[in-house]
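See below for entry_5.cif, which holds mmCIF, N, CA, C and O atoms.
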data_entry
#
loop_
_atom_site.label_atom_id
_atom_site.label_comp_id
_atom_site.auth_asym_id
_atom_site.auth_seq_id
_atom_site.Cartn_x
_atom_site.Cartn_y
_atom_site.Cartn_z
N MET A 20 43.36 -28.83 17.03
CA MET A 20 42.27 -29.76 16.96
C MET A 20 42.71 -30.92 16.08
O MET A 20 43.47 -30.74 15.15
N SER A 21 42.24 -32.10 16.40
CA SER A 21 42.52 -33.28 15.59
C SER A 21 41.23 -33.72 14.90
O SER A 21 40.16 -33.63 15.48
N ILE A 22 41.38 -34.18 13.66
CA ILE A 22 40.24 -34.66 12.89
C ILE A 22 40.59 -36.03 12.36
O ILE A 22 41.66 -36.22 11.79
N SER A 23 39.71 -36.99 12.57
CA SER A 23 39.93 -38.35 12.06
C SER A 23 38.77 -38.76 11.17
O SER A 23 37.61 -38.56 11.52
N GLY A 24 39.10 -39.29 10.01
CA GLY A 24 38.10 -39.81 9.10
C GLY A 24 38.22 -41.32 9.05
O GLY A 24 39.31 -41.87 9.18
N LYS A 25 37.15 -42.00 8.88
CA LYS A 25 37.16 -43.46 8.90
C LYS A 25 37.13 -44.07 7.51
O LYS A 25 36.79 -45.21 7.32
N GLY A 26 37.46 -43.29 6.49
CA GLY A 26 37.48 -43.81 5.13
C GLY A 26 36.96 -42.78 4.16
O GLY A 26 36.99 -41.59 4.42
N ALA A 27 36.47 -43.24 3.03
CA ALA A 27 36.00 -42.33 1.99
C ALA A 27 34.94 -41.38 2.52
O ALA A 27 34.09 -41.75 3.31
N GLY A 28 35.03 -40.13 2.11
CA GLY A 28 34.09 -39.11 2.56
C GLY A 28 34.82 -37.88 3.01
O GLY A 28 36.04 -37.81 2.94
N GLN A 29 34.10 -36.89 3.47
CA GLN A 29 34.75 -35.64 3.85
C GLN A 29 34.55 -35.29 5.31
O GLN A 29 33.58 -35.69 5.93
N ASP A 30 35.51 -34.58 5.83
CA ASP A 30 35.46 -33.98 7.15
C ASP A 30 35.85 -32.53 6.97
O ASP A 30 36.44 -32.16 5.96
N ALA A 31 35.53 -31.70 7.92
CA ALA A 31 35.82 -30.28 7.78
C ALA A 31 36.33 -29.70 9.09
O ALA A 31 36.11 -30.26 10.15
N ALA A 32 36.99 -28.55 8.98
CA ALA A 32 37.43 -27.79 10.15
C ALA A 32 36.82 -26.40 10.04
O ALA A 32 36.81 -25.81 8.96
N ILE A 33 36.31 -25.90 11.15
CA ILE A 33 35.70 -24.58 11.16
C ILE A 33 36.76 -23.53 11.48
O ILE A 33 37.50 -23.66 12.46
N ASN A 34 36.82 -22.51 10.65
CA ASN A 34 37.73 -21.40 10.86
C ASN A 34 37.28 -20.65 12.12
O ASN A 34 36.18 -20.11 12.15
N PRO A 35 38.09 -20.59 13.17
CA PRO A 35 37.67 -19.90 14.39
C PRO A 35 37.61 -18.38 14.23
O PRO A 35 37.05 -17.69 15.06
N PHE A 36 38.16 -17.86 13.15
CA PHE A 36 38.13 -16.44 12.86
C PHE A 36 37.06 -16.20 11.78
O PHE A 36 37.37 -15.90 10.64
N LEU A 37 35.80 -16.36 12.16
CA LEU A 37 34.70 -16.37 11.21
C LEU A 37 34.62 -15.15 10.31
O LEU A 37 34.28 -15.27 9.14
N ASN A 38 34.91 -13.98 10.83
CA ASN A 38 34.78 -12.77 10.03
C ASN A 38 36.10 -12.28 9.46
O ASN A 38 36.20 -11.15 9.03
N GLU A 39 37.10 -13.13 9.50
CA GLU A 39 38.43 -12.78 9.01
C GLU A 39 39.02 -13.97 8.27
O GLU A 39 38.56 -15.09 8.39
N GLY A 40 40.07 -13.73 7.56
CA GLY A 40 40.80 -14.82 6.93
C GLY A 40 41.75 -15.45 7.93
O GLY A 40 41.99 -14.91 9.01
N SER A 41 42.26 -16.61 7.59
CA SER A 41 43.20 -17.29 8.48
C SER A 41 44.17 -18.14 7.69
O SER A 41 44.02 -18.34 6.49
N ILE A 42 45.15 -18.63 8.39
CA ILE A 42 46.09 -19.61 7.87
C ILE A 42 45.85 -20.88 8.67
O ILE A 42 45.87 -20.86 9.90
N ALA A 43 45.59 -21.99 8.00
CA ALA A 43 45.44 -23.29 8.66
C ALA A 43 46.76 -24.02 8.54
O ALA A 43 47.31 -24.14 7.44
N ILE A 44 47.29 -24.47 9.66
CA ILE A 44 48.50 -25.30 9.66
C ILE A 44 48.01 -26.73 9.81
O ILE A 44 47.42 -27.08 10.83
N VAL A 45 48.23 -27.54 8.79
CA VAL A 45 47.70 -28.90 8.74
C VAL A 45 48.84 -29.90 8.76
O VAL A 45 49.76 -29.83 7.95
N LYS A 46 48.78 -30.84 9.71
CA LYS A 46 49.77 -31.92 9.80
C LYS A 46 49.04 -33.25 9.64
O LYS A 46 48.07 -33.52 10.34
N ASN A 47 49.52 -34.06 8.72
CA ASN A 47 48.95 -35.38 8.52
C ASN A 47 49.56 -36.31 9.57
O ASN A 47 50.73 -36.67 9.48
N ILE A 48 48.77 -36.70 10.58
CA ILE A 48 49.28 -37.57 11.64
C ILE A 48 48.84 -39.02 11.45
O ILE A 48 49.08 -39.86 12.30
N GLY A 49 48.23 -39.29 10.30
CA GLY A 49 47.80 -40.65 9.98
C GLY A 49 48.84 -41.39 9.16
O GLY A 49 49.94 -40.90 8.94
N LYS A 50 48.46 -42.57 8.70
CA LYS A 50 49.36 -43.41 7.91
C LYS A 50 49.00 -43.41 6.44
O LYS A 50 49.64 -44.09 5.65
N ALA A 51 47.98 -42.63 6.05
CA ALA A 51 47.54 -42.58 4.66
C ALA A 51 47.53 -41.14 4.17
O ALA A 51 47.40 -40.20 4.96
N GLU A 52 47.68 -40.97 2.87
CA GLU A 52 47.60 -39.66 2.25
C GLU A 52 46.20 -39.08 2.44
O GLU A 52 45.21 -39.82 2.44
N VAL A 53 46.11 -37.77 2.61
CA VAL A 53 44.82 -37.12 2.76
C VAL A 53 44.71 -36.02 1.70
O VAL A 53 45.71 -35.39 1.33
N SER A 54 43.51 -35.81 1.19
CA SER A 54 43.25 -34.75 0.23
C SER A 54 42.68 -33.55 0.98
O SER A 54 41.78 -33.70 1.80
N ILE A 55 43.21 -32.38 0.67
CA ILE A 55 42.75 -31.14 1.30
C ILE A 55 42.15 -30.27 0.21
O ILE A 55 42.72 -30.15 -0.87
N ARG A 56 40.99 -29.67 0.51
CA ARG A 56 40.43 -28.74 -0.47
C ARG A 56 39.85 -27.52 0.22
O ARG A 56 39.37 -27.60 1.35
N VAL A 57 39.93 -26.41 -0.49
CA VAL A 57 39.38 -25.14 -0.02
C VAL A 57 38.24 -24.78 -0.96
O VAL A 57 38.39 -24.88 -2.18
N GLN A 58 37.12 -24.36 -0.39
CA GLN A 58 35.97 -23.98 -1.19
C GLN A 58 35.48 -22.59 -0.81
O GLN A 58 35.62 -22.17 0.34
N TYR A 59 34.90 -21.92 -1.80
CA TYR A 59 34.26 -20.63 -1.57
C TYR A 59 32.93 -20.64 -2.32
O TYR A 59 32.91 -20.87 -3.54
N LEU A 60 31.85 -20.44 -1.59
CA LEU A 60 30.50 -20.47 -2.15
C LEU A 60 30.25 -21.75 -2.96
O LEU A 60 29.67 -21.72 -4.04
N GLY A 61 30.73 -22.87 -2.43
CA GLY A 61 30.50 -24.17 -3.05
C GLY A 61 31.43 -24.53 -4.19
O GLY A 61 31.34 -25.63 -4.75
N LYS A 62 32.34 -23.65 -4.56
CA LYS A 62 33.28 -23.93 -5.66
C LYS A 62 34.67 -24.16 -5.10
O LYS A 62 35.15 -23.42 -4.23
N ILE A 63 35.34 -25.19 -5.61
CA ILE A 63 36.69 -25.51 -5.16
C ILE A 63 37.66 -24.46 -5.69
O ILE A 63 37.71 -24.21 -6.89
N THR A 64 38.43 -23.86 -4.78
CA THR A 64 39.42 -22.85 -5.17
C THR A 64 40.85 -23.37 -5.08
O THR A 64 41.75 -22.83 -5.71
N LYS A 65 41.05 -24.43 -4.30
CA LYS A 65 42.38 -25.02 -4.17
C LYS A 65 42.23 -26.47 -3.72
O LYS A 65 41.34 -26.79 -2.94
N GLN A 66 43.08 -27.32 -4.24
CA GLN A 66 43.05 -28.74 -3.87
C GLN A 66 44.49 -29.26 -3.84
O GLN A 66 45.29 -28.90 -4.69
N MET A 67 44.80 -30.08 -2.82
CA MET A 67 46.14 -30.64 -2.71
C MET A 67 46.08 -31.95 -1.94
O MET A 67 45.09 -32.26 -1.29
N ARG A 68 47.15 -32.71 -2.01
CA ARG A 68 47.28 -33.96 -1.25
C ARG A 68 48.42 -33.78 -0.26
O ARG A 68 49.40 -33.10 -0.55
N LEU A 69 48.26 -34.41 0.91
CA LEU A 69 49.27 -34.31 1.95
C LEU A 69 49.67 -35.70 2.39
O LEU A 69 48.85 -36.48 2.87
N ALA A 70 50.95 -36.01 2.21
CA ALA A 70 51.49 -37.33 2.57
C ALA A 70 51.59 -37.47 4.09
O ALA A 70 51.64 -36.47 4.81
N PRO A 71 51.63 -38.70 4.59
CA PRO A 71 51.78 -38.92 6.03
C PRO A 71 53.03 -38.21 6.58
O PRO A 71 54.06 -38.13 5.91
N ALA A 72 52.90 -37.69 7.80
CA ALA A 72 53.97 -37.00 8.54
C ALA A 72 54.39 -35.67 7.92
O ALA A 72 55.39 -35.09 8.33
N ARG A 73 53.65 -35.16 6.96
CA ARG A 73 53.97 -33.88 6.33
C ARG A 73 53.09 -32.77 6.91
O ARG A 73 52.00 -33.02 7.39
N ILE A 74 53.58 -31.53 6.81
CA ILE A 74 52.86 -30.36 7.30
C ILE A 74 52.75 -29.35 6.15
O ILE A 74 53.69 -29.19 5.37
N THR A 75 51.60 -28.68 6.07
CA THR A 75 51.43 -27.62 5.08
C THR A 75 50.63 -26.48 5.68
O THR A 75 49.95 -26.66 6.70
N ARG A 76 50.73 -25.33 5.09
CA ARG A 76 49.93 -24.16 5.48
C ARG A 76 48.95 -23.89 4.36
O ARG A 76 49.33 -23.88 3.19
N VAL A 77 47.72 -23.63 4.74
CA VAL A 77 46.66 -23.38 3.77
C VAL A 77 46.04 -22.02 4.07
O VAL A 77 45.52 -21.81 5.18
N GLN A 78 46.08 -21.12 3.10
CA GLN A 78 45.47 -19.81 3.29
C GLN A 78 43.97 -19.90 3.09
O GLN A 78 43.49 -20.47 2.10
N LEU A 79 43.21 -19.36 4.06
CA LEU A 79 41.75 -19.34 4.00
C LEU A 79 41.27 -17.90 4.06
O LEU A 79 41.08 -17.35 5.14
N PRO A 80 41.06 -17.26 2.91
CA PRO A 80 40.49 -15.92 2.95
C PRO A 80 39.11 -15.95 3.59
O PRO A 80 38.47 -17.01 3.70
N LYS A 81 38.62 -14.81 4.01
CA LYS A 81 37.31 -14.69 4.65
C LYS A 81 36.25 -15.41 3.81
O LYS A 81 36.19 -15.27 2.60
N GLY A 82 35.44 -16.25 4.49
CA GLY A 82 34.35 -16.94 3.83
C GLY A 82 34.70 -18.27 3.20
O GLY A 82 33.82 -19.00 2.74
N HIS A 83 35.98 -18.63 3.15
CA HIS A 83 36.40 -19.90 2.55
C HIS A 83 36.29 -21.04 3.57
O HIS A 83 36.39 -20.83 4.76
N GLU A 84 36.09 -22.24 3.07
CA GLU A 84 35.90 -23.43 3.91
C GLU A 84 37.00 -24.45 3.63
O GLU A 84 37.46 -24.58 2.49
N LEU A 85 37.40 -25.18 4.68
CA LEU A 85 38.47 -26.17 4.59
C LEU A 85 37.90 -27.57 4.78
O LEU A 85 37.23 -27.83 5.78
N TYR A 86 38.17 -28.45 3.81
CA TYR A 86 37.66 -29.83 3.87
C TYR A 86 38.81 -30.82 3.72
O TYR A 86 39.81 -30.55 3.05
N PHE A 87 38.62 -31.98 4.34
CA PHE A 87 39.58 -33.08 4.24
C PHE A 87 38.84 -34.28 3.69
O PHE A 87 37.76 -34.63 4.17
N ASP A 88 39.42 -34.91 2.70
CA ASP A 88 38.81 -36.08 2.09
C ASP A 88 39.72 -37.28 2.27
O ASP A 88 40.88 -37.26 1.86
N GLY A 89 39.18 -38.32 2.91
CA GLY A 89 39.90 -39.58 3.04
C GLY A 89 39.70 -40.37 1.76
O GLY A 89 38.65 -40.28 1.13
N MET A 90 40.68 -41.12 1.38
CA MET A 90 40.55 -41.94 0.18
C MET A 90 39.80 -43.22 0.58
O MET A 90 38.61 -43.20 0.69
N LYS A 91 40.53 -44.28 0.85
CA LYS A 91 39.89 -45.54 1.22
C LYS A 91 40.28 -45.99 2.61
O LYS A 91 39.74 -46.94 3.13
N GLN A 92 41.24 -45.31 3.22
CA GLN A 92 41.73 -45.71 4.53
C GLN A 92 41.39 -44.64 5.56
O GLN A 92 41.08 -43.51 5.23
N LYS A 93 41.53 -45.01 6.82
CA LYS A 93 41.36 -44.06 7.92
C LYS A 93 42.45 -43.00 7.81
O LYS A 93 43.61 -43.32 7.54
N THR A 94 42.07 -41.76 8.01
CA THR A 94 43.04 -40.66 7.97
C THR A 94 42.89 -39.82 9.23
O THR A 94 41.83 -39.78 9.85
N SER A 95 43.97 -39.14 9.59
CA SER A 95 43.96 -38.24 10.75
C SER A 95 44.83 -37.03 10.46
O SER A 95 45.94 -37.17 9.94
N VAL A 96 44.31 -35.86 10.79
CA VAL A 96 45.09 -34.64 10.64
C VAL A 96 44.98 -33.82 11.92
O VAL A 96 44.02 -33.94 12.66
N GLU A 97 45.98 -33.00 12.13
CA GLU A 97 45.99 -32.06 13.24
C GLU A 97 45.95 -30.67 12.61
O GLU A 97 46.71 -30.39 11.68
N VAL A 98 45.05 -29.81 13.08
CA VAL A 98 44.86 -28.50 12.46
C VAL A 98 44.92 -27.41 13.53
O VAL A 98 44.30 -27.54 14.58
N SER A 99 45.65 -26.34 13.23
CA SER A 99 45.60 -25.15 14.07
C SER A 99 45.45 -23.95 13.13
O SER A 99 45.76 -24.02 11.95
N PHE A 100 44.93 -22.86 13.67
CA PHE A 100 44.64 -21.68 12.86
C PHE A 100 45.35 -20.45 13.43
O PHE A 100 45.48 -20.32 14.64
N ARG A 101 45.74 -19.57 12.52
CA ARG A 101 46.28 -18.26 12.88
C ARG A 101 45.55 -17.21 12.04
O ARG A 101 45.18 -17.48 10.90
N LYS A 102 45.38 -16.02 12.60
CA LYS A 102 44.76 -14.94 11.84
C LYS A 102 45.59 -14.61 10.62
O LYS A 102 46.82 -14.59 10.69
N LEU A 103 44.92 -14.31 9.52
CA LEU A 103 45.58 -13.88 8.31
C LEU A 103 45.86 -12.38 8.45
O LEU A 103 44.95 -11.62 8.76
N LYS A 104 47.10 -11.98 8.25
CA LYS A 104 47.45 -10.56 8.42
C LYS A 104 47.43 -9.85 7.10
O LYS A 104 47.62 -10.36 6.07
#

So that I can check it, write out the structure of this file as structure tokens.
Amino acid sequence: MSISGKGAGQDAAINPFLNEGSIAIVKNIGKAEVSIRVQYLGKITKQMRLAPARITRVQLPKGHELYFDGMKQKTSVEVSFRKLK
């Protein structure tokens, strides 16, 4: 799935494995840095920045949420999920 943000604010990706944990593979396909954060019950558990053309894996234990925050520019990421073993 691809997610595009048009500037400051947040976008999110839904974990397709709702009752299980997963690994999100995130690729920044935009031209600006994007901030990634993981939350559980409204509290941030992990936060990182991803430079353009970079890929990272983000572990999402059961019940955790994945958010993308654009800074001031349009951002785009590509996200795929795998079950957490």

Residues within 6 Å of (37.7, -18.9, 0.6), file coords, all atoms listed in the file, listed as a ChimeraX atom specification: /A:58-59,79-84

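Here the PyMOL selection byres (((chain A and resi 65-70 and name CA) around 8) and name CA) catches exactly these residues: Asn47, Ala51, Glu52, Val53, Ser54, Ile55, Arg56, Val57, Gln58, Ile63, Thr64, Pro71, Ala72, Arg73, Ile74 and Thr75 of chain A.
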
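Each of A:Lys104, A:Gln92, A:Leu60, A:Ile44 was checked against A:Arg76 using only N, CA, C and O atoms; the smallest atom-to-atom distance is that of A:Ile44.
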
Could you give me, as a short mmCIF file (atom, residue, chain, number, x, y, z; two decimals) with N, CA, C and O atoms, in the coordinates of the input, each residue of chain A that DSSP assigns to strand (DSSP E or B) when run on this structure's backbone?
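Below is the file selection18.cif, written as the result:
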data_model
loop_
_atom_site.label_atom_id
_atom_site.label_comp_id
_atom_site.auth_asym_id
_atom_site.auth_seq_id
_atom_site.Cartn_x
_atom_site.Cartn_y
_atom_site.Cartn_z
N SER A 21 42.24 -32.10 16.40
CA SER A 21 42.52 -33.28 15.59
C SER A 21 41.23 -33.72 14.90
O SER A 21 40.16 -33.63 15.48
N ILE A 22 41.38 -34.18 13.66
CA ILE A 22 40.24 -34.66 12.89
C ILE A 22 40.59 -36.03 12.36
O ILE A 22 41.66 -36.22 11.79
N SER A 23 39.71 -36.99 12.57
CA SER A 23 39.93 -38.35 12.06
C SER A 23 38.77 -38.76 11.17
O SER A 23 37.61 -38.56 11.52
N GLY A 24 39.10 -39.29 10.01
CA GLY A 24 38.10 -39.81 9.10
C GLY A 24 38.22 -41.32 9.05
O GLY A 24 39.31 -41.87 9.18
N GLY A 28 35.03 -40.13 2.11
CA GLY A 28 34.09 -39.11 2.56
C GLY A 28 34.82 -37.88 3.01
O GLY A 28 36.04 -37.81 2.94
N GLN A 29 34.10 -36.89 3.47
CA GLN A 29 34.75 -35.64 3.85
C GLN A 29 34.55 -35.29 5.31
O GLN A 29 33.58 -35.69 5.93
N ASP A 30 35.51 -34.58 5.83
CA ASP A 30 35.46 -33.98 7.15
C ASP A 30 35.85 -32.53 6.97
O ASP A 30 36.44 -32.16 5.96
N ALA A 31 35.53 -31.70 7.92
CA ALA A 31 35.82 -30.28 7.78
C ALA A 31 36.33 -29.70 9.09
O ALA A 31 36.11 -30.26 10.15
N ALA A 32 36.99 -28.55 8.98
CA ALA A 32 37.43 -27.79 10.15
C ALA A 32 36.82 -26.40 10.04
O ALA A 32 36.81 -25.81 8.96
N SER A 41 42.26 -16.61 7.59
CA SER A 41 43.20 -17.29 8.48
C SER A 41 44.17 -18.14 7.69
O SER A 41 44.02 -18.34 6.49
N ILE A 42 45.15 -18.63 8.39
CA ILE A 42 46.09 -19.61 7.87
C ILE A 42 45.85 -20.88 8.67
O ILE A 42 45.87 -20.86 9.90
N ALA A 43 45.59 -21.99 8.00
CA ALA A 43 45.44 -23.29 8.66
C ALA A 43 46.76 -24.02 8.54
O ALA A 43 47.31 -24.14 7.44
N ILE A 44 47.29 -24.47 9.66
CA ILE A 44 48.50 -25.30 9.66
C ILE A 44 48.01 -26.73 9.81
O ILE A 44 47.42 -27.08 10.83
N VAL A 45 48.23 -27.54 8.79
CA VAL A 45 47.70 -28.90 8.74
C VAL A 45 48.84 -29.90 8.76
O VAL A 45 49.76 -29.83 7.95
N LYS A 46 48.78 -30.84 9.71
CA LYS A 46 49.77 -31.92 9.80
C LYS A 46 49.04 -33.25 9.64
O LYS A 46 48.07 -33.52 10.34
N ASN A 47 49.52 -34.06 8.72
CA ASN A 47 48.95 -35.38 8.52
C ASN A 47 49.56 -36.31 9.57
O ASN A 47 50.73 -36.67 9.48
N VAL A 53 46.11 -37.77 2.61
CA VAL A 53 44.82 -37.12 2.76
C VAL A 53 44.71 -36.02 1.70
O VAL A 53 45.71 -35.39 1.33
N SER A 54 43.51 -35.81 1.19
CA SER A 54 43.25 -34.75 0.23
C SER A 54 42.68 -33.55 0.98
O SER A 54 41.78 -33.70 1.80
N ILE A 55 43.21 -32.38 0.67
CA ILE A 55 42.75 -31.14 1.30
C ILE A 55 42.15 -30.27 0.21
O ILE A 55 42.72 -30.15 -0.87
N ARG A 56 40.99 -29.67 0.51
CA ARG A 56 40.43 -28.74 -0.47
C ARG A 56 39.85 -27.52 0.22
O ARG A 56 39.37 -27.60 1.35
N VAL A 57 39.93 -26.41 -0.49
CA VAL A 57 39.38 -25.14 -0.02
C VAL A 57 38.24 -24.78 -0.96
O VAL A 57 38.39 -24.88 -2.18
N GLN A 58 37.12 -24.36 -0.39
CA GLN A 58 35.97 -23.98 -1.19
C GLN A 58 35.48 -22.59 -0.81
O GLN A 58 35.62 -22.17 0.34
N TYR A 59 34.90 -21.92 -1.80
CA TYR A 59 34.26 -20.63 -1.57
C TYR A 59 32.93 -20.64 -2.32
O TYR A 59 32.91 -20.87 -3.54
N LYS A 62 32.34 -23.65 -4.56
CA LYS A 62 33.28 -23.93 -5.66
C LYS A 62 34.67 -24.16 -5.10
O LYS A 62 35.15 -23.42 -4.23
N ILE A 63 35.34 -25.19 -5.61
CA ILE A 63 36.69 -25.51 -5.16
C ILE A 63 37.66 -24.46 -5.69
O ILE A 63 37.71 -24.21 -6.89
N THR A 64 38.43 -23.86 -4.78
CA THR A 64 39.42 -22.85 -5.17
C THR A 64 40.85 -23.37 -5.08
O THR A 64 41.75 -22.83 -5.71
N LYS A 65 41.05 -24.43 -4.30
CA LYS A 65 42.38 -25.02 -4.17
C LYS A 65 42.23 -26.47 -3.72
O LYS A 65 41.34 -26.79 -2.94
N GLN A 66 43.08 -27.32 -4.24
CA GLN A 66 43.05 -28.74 -3.87
C GLN A 66 44.49 -29.26 -3.84
O GLN A 66 45.29 -28.90 -4.69
N MET A 67 44.80 -30.08 -2.82
CA MET A 67 46.14 -30.64 -2.71
C MET A 67 46.08 -31.95 -1.94
O MET A 67 45.09 -32.26 -1.29
N ARG A 68 47.15 -32.71 -2.01
CA ARG A 68 47.28 -33.96 -1.25
C ARG A 68 48.42 -33.78 -0.26
O ARG A 68 49.40 -33.10 -0.55
N LEU A 69 48.26 -34.41 0.91
CA LEU A 69 49.27 -34.31 1.95
C LEU A 69 49.67 -35.70 2.39
O LEU A 69 48.85 -36.48 2.87
N ILE A 74 53.58 -31.53 6.81
CA ILE A 74 52.86 -30.36 7.30
C ILE A 74 52.75 -29.35 6.15
O ILE A 74 53.69 -29.19 5.37
N THR A 75 51.60 -28.68 6.07
CA THR A 75 51.43 -27.62 5.08
C THR A 75 50.63 -26.48 5.68
O THR A 75 49.95 -26.66 6.70
N ARG A 76 50.73 -25.33 5.09
CA ARG A 76 49.93 -24.16 5.48
C ARG A 76 48.95 -23.89 4.36
O ARG A 76 49.33 -23.88 3.19
N VAL A 77 47.72 -23.63 4.74
CA VAL A 77 46.66 -23.38 3.77
C VAL A 77 46.04 -22.02 4.07
O VAL A 77 45.52 -21.81 5.18
N GLN A 78 46.08 -21.12 3.10
CA GLN A 78 45.47 -19.81 3.29
C GLN A 78 43.97 -19.90 3.09
O GLN A 78 43.49 -20.47 2.10
N LEU A 79 43.21 -19.36 4.06
CA LEU A 79 41.75 -19.34 4.00
C LEU A 79 41.27 -17.90 4.06
O LEU A 79 41.08 -17.35 5.14
N GLU A 84 36.09 -22.24 3.07
CA GLU A 84 35.90 -23.43 3.91
C GLU A 84 37.00 -24.45 3.63
O GLU A 84 37.46 -24.58 2.49
N LEU A 85 37.40 -25.18 4.68
CA LEU A 85 38.47 -26.17 4.59
C LEU A 85 37.90 -27.57 4.78
O LEU A 85 37.23 -27.83 5.78
N TYR A 86 38.17 -28.45 3.81
CA TYR A 86 37.66 -29.83 3.87
C TYR A 86 38.81 -30.82 3.72
O TYR A 86 39.81 -30.55 3.05
N PHE A 87 38.62 -31.98 4.34
CA PHE A 87 39.58 -33.08 4.24
C PHE A 87 38.84 -34.28 3.69
O PHE A 87 37.76 -34.63 4.17
N ASP A 88 39.42 -34.91 2.70
CA ASP A 88 38.81 -36.08 2.09
C ASP A 88 39.72 -37.28 2.27
O ASP A 88 40.88 -37.26 1.86
N GLY A 89 39.18 -38.32 2.91
CA GLY A 89 39.90 -39.58 3.04
C GLY A 89 39.70 -40.37 1.76
O GLY A 89 38.65 -40.28 1.13
N THR A 94 42.07 -41.76 8.01
CA THR A 94 43.04 -40.66 7.97
C THR A 94 42.89 -39.82 9.23
O THR A 94 41.83 -39.78 9.85
N SER A 95 43.97 -39.14 9.59
CA SER A 95 43.96 -38.24 10.75
C SER A 95 44.83 -37.03 10.46
O SER A 95 45.94 -37.17 9.94
N VAL A 96 44.31 -35.86 10.79
CA VAL A 96 45.09 -34.64 10.64
C VAL A 96 44.98 -33.82 11.92
O VAL A 96 44.02 -33.94 12.66
N GLU A 97 45.98 -33.00 12.13
CA GLU A 97 45.99 -32.06 13.24
C GLU A 97 45.95 -30.67 12.61
O GLU A 97 46.71 -30.39 11.68
N VAL A 98 45.05 -29.81 13.08
CA VAL A 98 44.86 -28.50 12.46
C VAL A 98 44.92 -27.41 13.53
O VAL A 98 44.30 -27.54 14.58
N SER A 99 45.65 -26.34 13.23
CA SER A 99 45.60 -25.15 14.07
C SER A 99 45.45 -23.95 13.13
O SER A 99 45.76 -24.02 11.95
N PHE A 100 44.93 -22.86 13.67
CA PHE A 100 44.64 -21.68 12.86
C PHE A 100 45.35 -20.45 13.43
O PHE A 100 45.48 -20.32 14.64
N ARG A 101 45.74 -19.57 12.52
CA ARG A 101 46.28 -18.26 12.88
C ARG A 101 45.55 -17.21 12.04
O ARG A 101 45.18 -17.48 10.90
N LYS A 102 45.38 -16.02 12.60
CA LYS A 102 44.76 -14.94 11.84
C LYS A 102 45.59 -14.61 10.62
O LYS A 102 46.82 -14.59 10.69
#

Atom-to-atom span, atom CA of A:Gly89 and atom CA of A:Lys102, Å: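 Separation of atom CA of A:Gly89 and atom CA of A:Lys102: 26.6 Å.
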
Can you save stretch 37-41 of chain A of the given block to a file, including all heavy atoms and formatted as a PDB file, in the first residue's frame?
ATOM      1  N   LEU A  37      -4.900  -7.974  12.526  1.00  0.00           N
ATOM      2  CA  LEU A  37      -5.455  -7.271  13.682  1.00  0.00           C
ATOM      3  C   LEU A  37      -5.238  -7.966  15.015  1.00  0.00           C
ATOM      4  O   LEU A  37      -5.008  -7.303  16.020  1.00  0.00           O
ATOM      5  CB  LEU A  37      -6.954  -7.015  13.470  1.00  0.00           C
ATOM      6  CG  LEU A  37      -7.296  -6.041  12.355  1.00  0.00           C
ATOM      7  CD1 LEU A  37      -8.804  -5.960  12.170  1.00  0.00           C
ATOM      8  CD2 LEU A  37      -6.718  -4.669  12.637  1.00  0.00           C
ATOM      9  N   ASN A  38      -5.331  -9.273  15.047  1.00  0.00           N
ATOM     10  CA  ASN A  38      -5.203  -9.981  16.319  1.00  0.00           C
ATOM     11  C   ASN A  38      -3.822 -10.576  16.538  1.00  0.00           C
ATOM     12  O   ASN A  38      -3.645 -11.422  17.394  1.00  0.00           O
ATOM     13  CB  ASN A  38      -6.270 -11.082  16.405  1.00  0.00           C
ATOM     14  CG  ASN A  38      -7.663 -10.484  16.427  1.00  0.00           C
ATOM     15  OD1 ASN A  38      -7.911  -9.513  17.132  1.00  0.00           O
ATOM     16  ND2 ASN A  38      -8.556 -11.036  15.641  1.00  0.00           N
ATOM     17  N   GLU A  39      -2.866 -10.132  15.754  1.00  0.00           N
ATOM     18  CA  GLU A  39      -1.497 -10.633  15.844  1.00  0.00           C
ATOM     19  C   GLU A  39      -0.525  -9.475  15.664  1.00  0.00           C
ATOM     20  O   GLU A  39      -0.884  -8.413  15.200  1.00  0.00           O
ATOM     21  CB  GLU A  39      -1.233 -11.664  14.750  1.00  0.00           C
ATOM     22  CG  GLU A  39      -2.185 -12.828  14.747  1.00  0.00           C
ATOM     23  CD  GLU A  39      -1.925 -13.766  13.589  1.00  0.00           C
ATOM     24  OE1 GLU A  39      -0.749 -14.132  13.395  1.00  0.00           O
ATOM     25  OE2 GLU A  39      -2.876 -14.108  12.893  1.00  0.00           O
ATOM     26  N   GLY A  40       0.707  -9.718  15.980  1.00  0.00           N
ATOM     27  CA  GLY A  40       1.737  -8.735  15.705  1.00  0.00           C
ATOM     28  C   GLY A  40       2.190  -8.845  14.268  1.00  0.00           C
ATOM     29  O   GLY A  40       1.871  -9.810  13.568  1.00  0.00           O
ATOM     30  N   SER A  41       2.912  -7.845  13.807  1.00  0.00           N
ATOM     31  CA  SER A  41       3.412  -7.874  12.434  1.00  0.00           C
ATOM     32  C   SER A  41       4.709  -7.098  12.322  1.00  0.00           C
ATOM     33  O   SER A  41       5.136  -6.412  13.250  1.00  0.00           O
ATOM     34  CB  SER A  41       2.374  -7.280  11.468  1.00  0.00           C
ATOM     35  OG  SER A  41       2.238  -5.899  11.688  1.00  0.00           O
TER      36      SER A  41
END
